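Q: This is the structure, below, for whatever I ask next.
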Amino acid sequence: MKYGICNLSNIPLRESPDNSSEMVSQILFGDHYKVIQENKYWLKVNIAFDNCEGWISIEQYTAISKEYFEKLSKDKHISSYELVDFAEDKKGDLLAIVLGSRLPYYQKKQFDFIGEKWSFEGRVTTEIFSKEKLIRSAFMYLSSPYLWGGKTPFGIDSSGFTQMVYKLNGYKLLRKASEQATQGEVLSFIEESEPGDLAFFDDNEGQIIHVGIILANNHIIHSSGKVRIDRLDHSGIYNADLKKHTYKLRVIKKIL
């Protein structure tokens, strides 16, 4: 089996091996993965962090050994905590690093990337934090544009937003909203929830299609058009700009 790591700011993960195929997620710098299928131009990969699967261009593949993959899987997850900053390799070349990217074996403003020392002067997050800190992290994405499959401040979808906010605070969520809805403890009423809990929303067929992070005073922060704050009630999300409910509430989950 082959193994890889993202050495770019991000790599699109596609539903099928074609550049015109739907982007289902993104692999951020430092994310490592297994190669589970390949053809001449494309690789199907499984991301170690959340087991999300999809296709990447073989031109964007950077190989690592099985030993390096396994060490990364066991090591502490240290992430960048800047909207965007630059990492510098040993040749002095700069690479843009976005919020939530992984910095392998980070220590004293340096990290080890496949045996080479890179420097990073920006802030990092290394600990498991409280719900209060989680809310502060969520506000870092405020007004980021909606992008299906996106996971960065320059484009992010609803489940990518919740996953990245929790990741920055030391917690793992799965990639899709329907998958995240299988995690945590069900709460019966909005009144039982706390800021930082997750609210999930379904369509007319009962499929969970959207997720957001509950805030104080019956508000929610979520990605819809952009990362925005709206009202939350027992019916769902009320968008004051559109003067209507835009999502139907299905369930509230306490993750931590």
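In the structure tokens, each chain is lettered A, B, ... as it comes, each chain's residues begin at 1, and ligands are numbered from 1 in order of appearance.
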If you take only C-alpha atoms and a cut-off of 10 Å, which residues of stretch 123-161 of chain A touch stretch 22-42 of chain A, and what are their nearest atom pairs and distances in Å to one decimal, in chain and number order, as a Markdown table?
A:
| residue | atom | partner | partner_atom | distance |
| --- | --- | --- | --- | --- |
| A:Leu147 | CA | A:Met23 | CA | 9.3 |
| A:Trp148 | CA | A:Met23 | CA | 6.9 |
| A:Gly149 | CA | A:Ser25 | CA | 4.0 |
| A:Gly150 | CA | A:Ser25 | CA | 5.8 |
| A:Lys151 | CA | A:Gln26 | CA | 6.2 |
| A:Thr152 | CA | A:Leu28 | CA | 8.4 |
| A:Ile156 | CA | A:Ser25 | CA | 9.3 |
| A:Asp157 | CA | A:Ser25 | CA | 9.1 |
| A:Ser159 | CA | A:Ser25 | CA | 10.0 |
| A:Gly160 | CA | A:Ser25 | CA | 7.9 |
Q: With a distance cut-off of 12 Å and only C-alpha atoms, select the neighbouring residues of A:Val251, excluding the residue or stretch itself and same-chain residues fewer than 5 positions from it, and output the selection as a ChimeraX atom specification.
A: /A:177-178,180-190,193,197-202,206-212,214,233-236
Q: Just checking: using only C-alpha atoms, which residue out of A:Tyr146, A:Ser79, A:Glu59, A:Pro12 ends up closest to A:Met164?
A: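 Using only C-alpha atoms, the shortest distance to A:Met164 belongs to A:Ser79.
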Q: Skipping near chain neighbours, those fewer than 6 positions away, what residues fall within 6 Å of A:His219 using only C-alpha atoms, listed as a compact mmCIF listing (two decimals) with N, CA and C atoms, in the first residue's frame?
A:
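The resulting file, out_6.txt, is shown below:
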# COMPACT_ATOMS: atom_id res chain seq x y z
N ASP A 230 -27.35 33.47 12.59
CA ASP A 230 -28.79 33.60 12.43
C ASP A 230 -29.49 33.18 13.72
N ARG A 231 -30.81 33.39 13.74
CA ARG A 231 -31.63 32.96 14.87
C ARG A 231 -31.89 31.45 14.77
N LEU A 232 -31.99 30.80 15.92
CA LEU A 232 -32.35 29.39 15.99
C LEU A 232 -33.57 29.22 16.87
Q: Determine which residues of stretch 59-167 of chain A DSSP labels as strand (DSSP E or B) from the backbone of this structure, then write them out as JSON, numbers by chain.
A: {"A": [63, 64, 79, 80, 84, 85, 86, 87, 88, 94, 95, 96, 97, 98, 102, 107, 110, 111, 112, 113, 116, 117, 118, 119, 120, 124, 125, 145, 146, 151, 152, 155, 156]}
